[in-house]
Amino acid sequence: MCKNENNRGKIQIMADIVDLCKAGIRKTHIMYKGNLSYEQINRYLYELLEKELIIQNLAEGVLTYRATEKGRSFLQYYNLMLSILDENVIDRASPITKLV
């Protein structure tokens, strides 16, 4: 999961939830590990289910959430985007000063 001093944005929260769901996880565990309220977790789970980034599994009376292939692909692209942005942070020189 992403650690950041600032508040997380919607995409980051969605990526964090999909990441937690890679191995299958219960809703309460997502809520606690993701540091989300009950209202937030319900809203995000609904949206992730609608977008087919996660699925629900009911086994032996226990409801868990698991990342789909589409969800894993989303995580790969999200992490690629973060790595590209991190590369640009290392080079602190302004693109404008490079032109001069």
# chains A, B, ... in the order shown; residues from 1 in each chain; ligands from 1
$ residues_around --residues "range 76-84 of chain A" --least-positions-apart "6" --cutoff "10 Å" --atoms "only C-alpha atoms" --output "MDAnalysis selection string"
chainID A and resid 11:12 15 70
$ select_by_dssp --residues "chain A" --states "alpha helix (DSSP H)" --output "PyMOL selection string"
chain A and resi 10-20+27-33+38-50+69-90+95-99
$ write_last_selection --atoms "C-alpha atoms" --output "mmCIF file, in the first residue's frame"
data_model
loop_
_atom_site.group_PDB
_atom_site.id
_atom_site.type_symbol
_atom_site.label_atom_id
_atom_site.label_comp_id
_atom_site.auth_asym_id
_atom_site.auth_seq_id
_atom_site.Cartn_x
_atom_site.Cartn_y
_atom_site.Cartn_z
ATOM 1 C CA LYS A 10 -9.560 8.203 -5.232
ATOM 2 C CA ILE A 11 -7.256 6.316 -7.619
ATOM 3 C CA GLN A 12 -4.693 5.683 -4.882
ATOM 4 C CA ILE A 13 -7.375 4.348 -2.527
ATOM 5 C CA MET A 14 -8.749 2.118 -5.280
ATOM 6 C CA ALA A 15 -5.242 0.804 -6.010
ATOM 7 C CA ASP A 16 -4.647 0.162 -2.301
ATOM 8 C CA ILE A 17 -7.888 -1.832 -2.043
ATOM 9 C CA VAL A 18 -7.168 -3.892 -5.179
ATOM 10 C CA ASP A 19 -3.669 -4.568 -3.818
ATOM 11 C CA LEU A 20 -5.159 -5.813 -0.533
ATOM 12 C CA LYS A 27 -14.359 -6.463 4.146
ATOM 13 C CA THR A 28 -13.441 -5.612 7.735
ATOM 14 C CA HIS A 29 -9.775 -6.391 7.075
ATOM 15 C CA ILE A 30 -9.803 -4.108 4.017
ATOM 16 C CA MET A 31 -11.398 -1.417 6.159
ATOM 17 C CA TYR A 32 -8.757 -1.630 8.910
ATOM 18 C CA LYS A 33 -5.693 -2.190 6.715
ATOM 19 C CA TYR A 38 -17.537 1.957 6.789
ATOM 20 C CA GLU A 39 -19.105 4.381 4.326
ATOM 21 C CA GLN A 40 -15.889 4.697 2.311
ATOM 22 C CA ILE A 41 -15.296 0.960 2.067
ATOM 23 C CA ASN A 42 -18.843 0.331 0.867
ATOM 24 C CA ARG A 43 -18.588 3.045 -1.788
ATOM 25 C CA TYR A 44 -15.189 1.891 -3.062
ATOM 26 C CA LEU A 45 -16.074 -1.813 -3.038
ATOM 27 C CA TYR A 46 -19.239 -1.071 -5.026
ATOM 28 C CA GLU A 47 -17.285 0.889 -7.625
ATOM 29 C CA LEU A 48 -14.493 -1.693 -7.880
ATOM 30 C CA LEU A 49 -17.067 -4.466 -8.295
ATOM 31 C CA GLU A 50 -18.878 -2.448 -10.979
ATOM 32 C CA GLU A 69 -7.044 -10.129 -13.835
ATOM 33 C CA LYS A 70 -8.364 -6.712 -14.848
ATOM 34 C CA GLY A 71 -7.639 -5.490 -11.311
ATOM 35 C CA ARG A 72 -4.103 -6.880 -11.412
ATOM 36 C CA SER A 73 -3.569 -5.168 -14.754
ATOM 37 C CA PHE A 74 -4.841 -1.909 -13.220
ATOM 38 C CA LEU A 75 -2.267 -2.289 -10.425
ATOM 39 C CA GLN A 76 0.562 -2.878 -12.902
ATOM 40 C CA TYR A 77 -0.324 0.292 -14.821
ATOM 41 C CA TYR A 78 -0.796 2.252 -11.597
ATOM 42 C CA ASN A 79 2.621 1.160 -10.296
ATOM 43 C CA LEU A 80 4.221 1.945 -13.660
ATOM 44 C CA MET A 81 2.736 5.439 -13.506
ATOM 45 C CA LEU A 82 4.087 5.921 -9.979
ATOM 46 C CA SER A 83 7.562 4.794 -10.999
ATOM 47 C CA ILE A 84 7.569 7.209 -13.947
ATOM 48 C CA LEU A 85 6.485 10.053 -11.681
ATOM 49 C CA ASP A 86 9.119 9.097 -9.085
ATOM 50 C CA GLU A 87 11.836 9.230 -11.764
ATOM 51 C CA ASN A 88 10.822 12.802 -12.538
ATOM 52 C CA VAL A 89 10.951 13.752 -8.862
ATOM 53 C CA ILE A 90 14.608 12.685 -8.661
ATOM 54 C CA PRO A 95 12.379 21.345 -17.798
ATOM 55 C CA ILE A 96 12.533 25.031 -18.723
ATOM 56 C CA THR A 97 16.027 25.500 -17.304
ATOM 57 C CA LYS A 98 17.203 22.473 -19.298
ATOM 58 C CA LEU A 99 16.268 24.319 -22.495
#
$ atom_distance --atom1 "CA of Ser37 in chain A" --atom2 "CA of Ile25 in chain A"
16.5 Å
$ select_by_dssp --residues "chain A" --states "strand (DSSP E)" --output "list of chain:residue names"
A:Ile54, A:Ile55, A:Gln56, A:Asn57, A:Leu58, A:Ala59, A:Val62, A:Leu63, A:Thr64, A:Tyr65, A:Arg66, A:Ala67
$ atom_distance --atom1 "CA of Leu53 in chain A" --atom2 "CA of Leu36 in chain A"
18.4 Å
$ residues_around --residues "Thr68 in chain A" --least-positions-apart "5" --cutoff "8 Å" --atoms "only C-alpha atoms" --output "list in words"
Glu52, Leu53, Ile54 and Ile55 of chain A
$ atom_distance --atom1 "CA of Gly61 in chain A" --atom2 "CA of Lys22 in chain A"
20.1 Å
$ closest_residue --among "A:Gly24, A:Asn57, A:Lys51, A:Asn35" --to "Asn7 in chain A" --atoms "only C-alpha atoms"
A:Asn35
$ decode --residues "range 29-51 of chain A" --atoms "N, CA and C atoms" --output "PDB file, in the first residue's frame"
ATOM      1  N   HIS A  29     -11.236  -6.467   7.157  1.00  0.00           N
ATOM      2  CA  HIS A  29      -9.775  -6.391   7.075  1.00  0.00           C
ATOM      3  C   HIS A  29      -9.352  -5.319   6.075  1.00  0.00           C
ATOM      4  N   ILE A  30     -10.087  -5.186   4.981  1.00  0.00           N
ATOM      5  CA  ILE A  30      -9.803  -4.108   4.017  1.00  0.00           C
ATOM      6  C   ILE A  30      -9.997  -2.764   4.711  1.00  0.00           C
ATOM      7  N   MET A  31     -11.069  -2.658   5.479  1.00  0.00           N
ATOM      8  CA  MET A  31     -11.398  -1.417   6.159  1.00  0.00           C
ATOM      9  C   MET A  31     -10.274  -1.004   7.114  1.00  0.00           C
ATOM     10  N   TYR A  32      -9.797  -1.949   7.924  1.00  0.00           N
ATOM     11  CA  TYR A  32      -8.757  -1.630   8.910  1.00  0.00           C
ATOM     12  C   TYR A  32      -7.402  -1.416   8.257  1.00  0.00           C
ATOM     13  N   LYS A  33      -7.010  -2.315   7.360  1.00  0.00           N
ATOM     14  CA  LYS A  33      -5.693  -2.190   6.715  1.00  0.00           C
ATOM     15  C   LYS A  33      -5.638  -1.011   5.758  1.00  0.00           C
ATOM     16  N   GLY A  34      -6.774  -0.670   5.168  1.00  0.00           N
ATOM     17  CA  GLY A  34      -6.842   0.457   4.250  1.00  0.00           C
ATOM     18  C   GLY A  34      -7.137   1.779   4.937  1.00  0.00           C
ATOM     19  N   ASN A  35      -7.377   1.736   6.250  1.00  0.00           N
ATOM     20  CA  ASN A  35      -7.693   2.923   7.039  1.00  0.00           C
ATOM     21  C   ASN A  35      -8.878   3.683   6.431  1.00  0.00           C
ATOM     22  N   LEU A  36      -9.980   2.951   6.229  1.00  0.00           N
ATOM     23  CA  LEU A  36     -11.179   3.521   5.615  1.00  0.00           C
ATOM     24  C   LEU A  36     -12.372   3.377   6.551  1.00  0.00           C
ATOM     25  N   SER A  37     -13.303   4.308   6.435  1.00  0.00           N
ATOM     26  CA  SER A  37     -14.535   4.229   7.226  1.00  0.00           C
ATOM     27  C   SER A  37     -15.479   3.217   6.579  1.00  0.00           C
ATOM     28  N   TYR A  38     -16.533   2.890   7.298  1.00  0.00           N
ATOM     29  CA  TYR A  38     -17.537   1.957   6.789  1.00  0.00           C
ATOM     30  C   TYR A  38     -18.178   2.491   5.510  1.00  0.00           C
ATOM     31  N   GLU A  39     -18.490   3.769   5.507  1.00  0.00           N
ATOM     32  CA  GLU A  39     -19.105   4.381   4.326  1.00  0.00           C
ATOM     33  C   GLU A  39     -18.147   4.362   3.132  1.00  0.00           C
ATOM     34  N   GLN A  40     -16.886   4.688   3.385  1.00  0.00           N
ATOM     35  CA  GLN A  40     -15.889   4.697   2.311  1.00  0.00           C
ATOM     36  C   GLN A  40     -15.698   3.305   1.714  1.00  0.00           C
ATOM     37  N   ILE A  41     -15.557   2.301   2.576  1.00  0.00           N
ATOM     38  CA  ILE A  41     -15.296   0.960   2.067  1.00  0.00           C
ATOM     39  C   ILE A  41     -16.459   0.463   1.223  1.00  0.00           C
ATOM     40  N   ASN A  42     -17.678   0.748   1.649  1.00  0.00           N
ATOM     41  CA  ASN A  42     -18.843   0.331   0.867  1.00  0.00           C
ATOM     42  C   ASN A  42     -18.874   1.009  -0.495  1.00  0.00           C
ATOM     43  N   ARG A  43     -18.583   2.293  -0.525  1.00  0.00           N
ATOM     44  CA  ARG A  43     -18.588   3.045  -1.788  1.00  0.00           C
ATOM     45  C   ARG A  43     -17.509   2.547  -2.741  1.00  0.00           C
ATOM     46  N   TYR A  44     -16.289   2.344  -2.211  1.00  0.00           N
ATOM     47  CA  TYR A  44     -15.189   1.891  -3.062  1.00  0.00           C
ATOM     48  C   TYR A  44     -15.383   0.444  -3.517  1.00  0.00           C
ATOM     49  N   LEU A  45     -15.840  -0.425  -2.638  1.00  0.00           N
ATOM     50  CA  LEU A  45     -16.074  -1.813  -3.038  1.00  0.00           C
ATOM     51  C   LEU A  45     -17.128  -1.883  -4.136  1.00  0.00           C
ATOM     52  N   TYR A  46     -18.186  -1.095  -4.003  1.00  0.00           N
ATOM     53  CA  TYR A  46     -19.239  -1.071  -5.026  1.00  0.00           C
ATOM     54  C   TYR A  46     -18.650  -0.654  -6.369  1.00  0.00           C
ATOM     55  N   GLU A  47     -17.864   0.403  -6.371  1.00  0.00           N
ATOM     56  CA  GLU A  47     -17.285   0.889  -7.625  1.00  0.00           C
ATOM     57  C   GLU A  47     -16.293  -0.108  -8.217  1.00  0.00           C
ATOM     58  N   LEU A  48     -15.467  -0.708  -7.388  1.00  0.00           N
ATOM     59  CA  LEU A  48     -14.493  -1.693  -7.880  1.00  0.00           C
ATOM     60  C   LEU A  48     -15.188  -2.938  -8.423  1.00  0.00           C
ATOM     61  N   LEU A  49     -16.290  -3.337  -7.797  1.00  0.00           N
ATOM     62  CA  LEU A  49     -17.067  -4.466  -8.295  1.00  0.00           C
ATOM     63  C   LEU A  49     -17.714  -4.110  -9.637  1.00  0.00           C
ATOM     64  N   GLU A  50     -18.253  -2.904  -9.734  1.00  0.00           N
ATOM     65  CA  GLU A  50     -18.878  -2.448 -10.979  1.00  0.00           C
ATOM     66  C   GLU A  50     -17.872  -2.421 -12.131  1.00  0.00           C
ATOM     67  N   LYS A  51     -16.647  -2.011 -11.842  1.00  0.00           N
ATOM     68  CA  LYS A  51     -15.600  -1.912 -12.861  1.00  0.00           C
ATOM     69  C   LYS A  51     -14.902  -3.261 -13.093  1.00  0.00           C
TER      70      LYS A  51
END
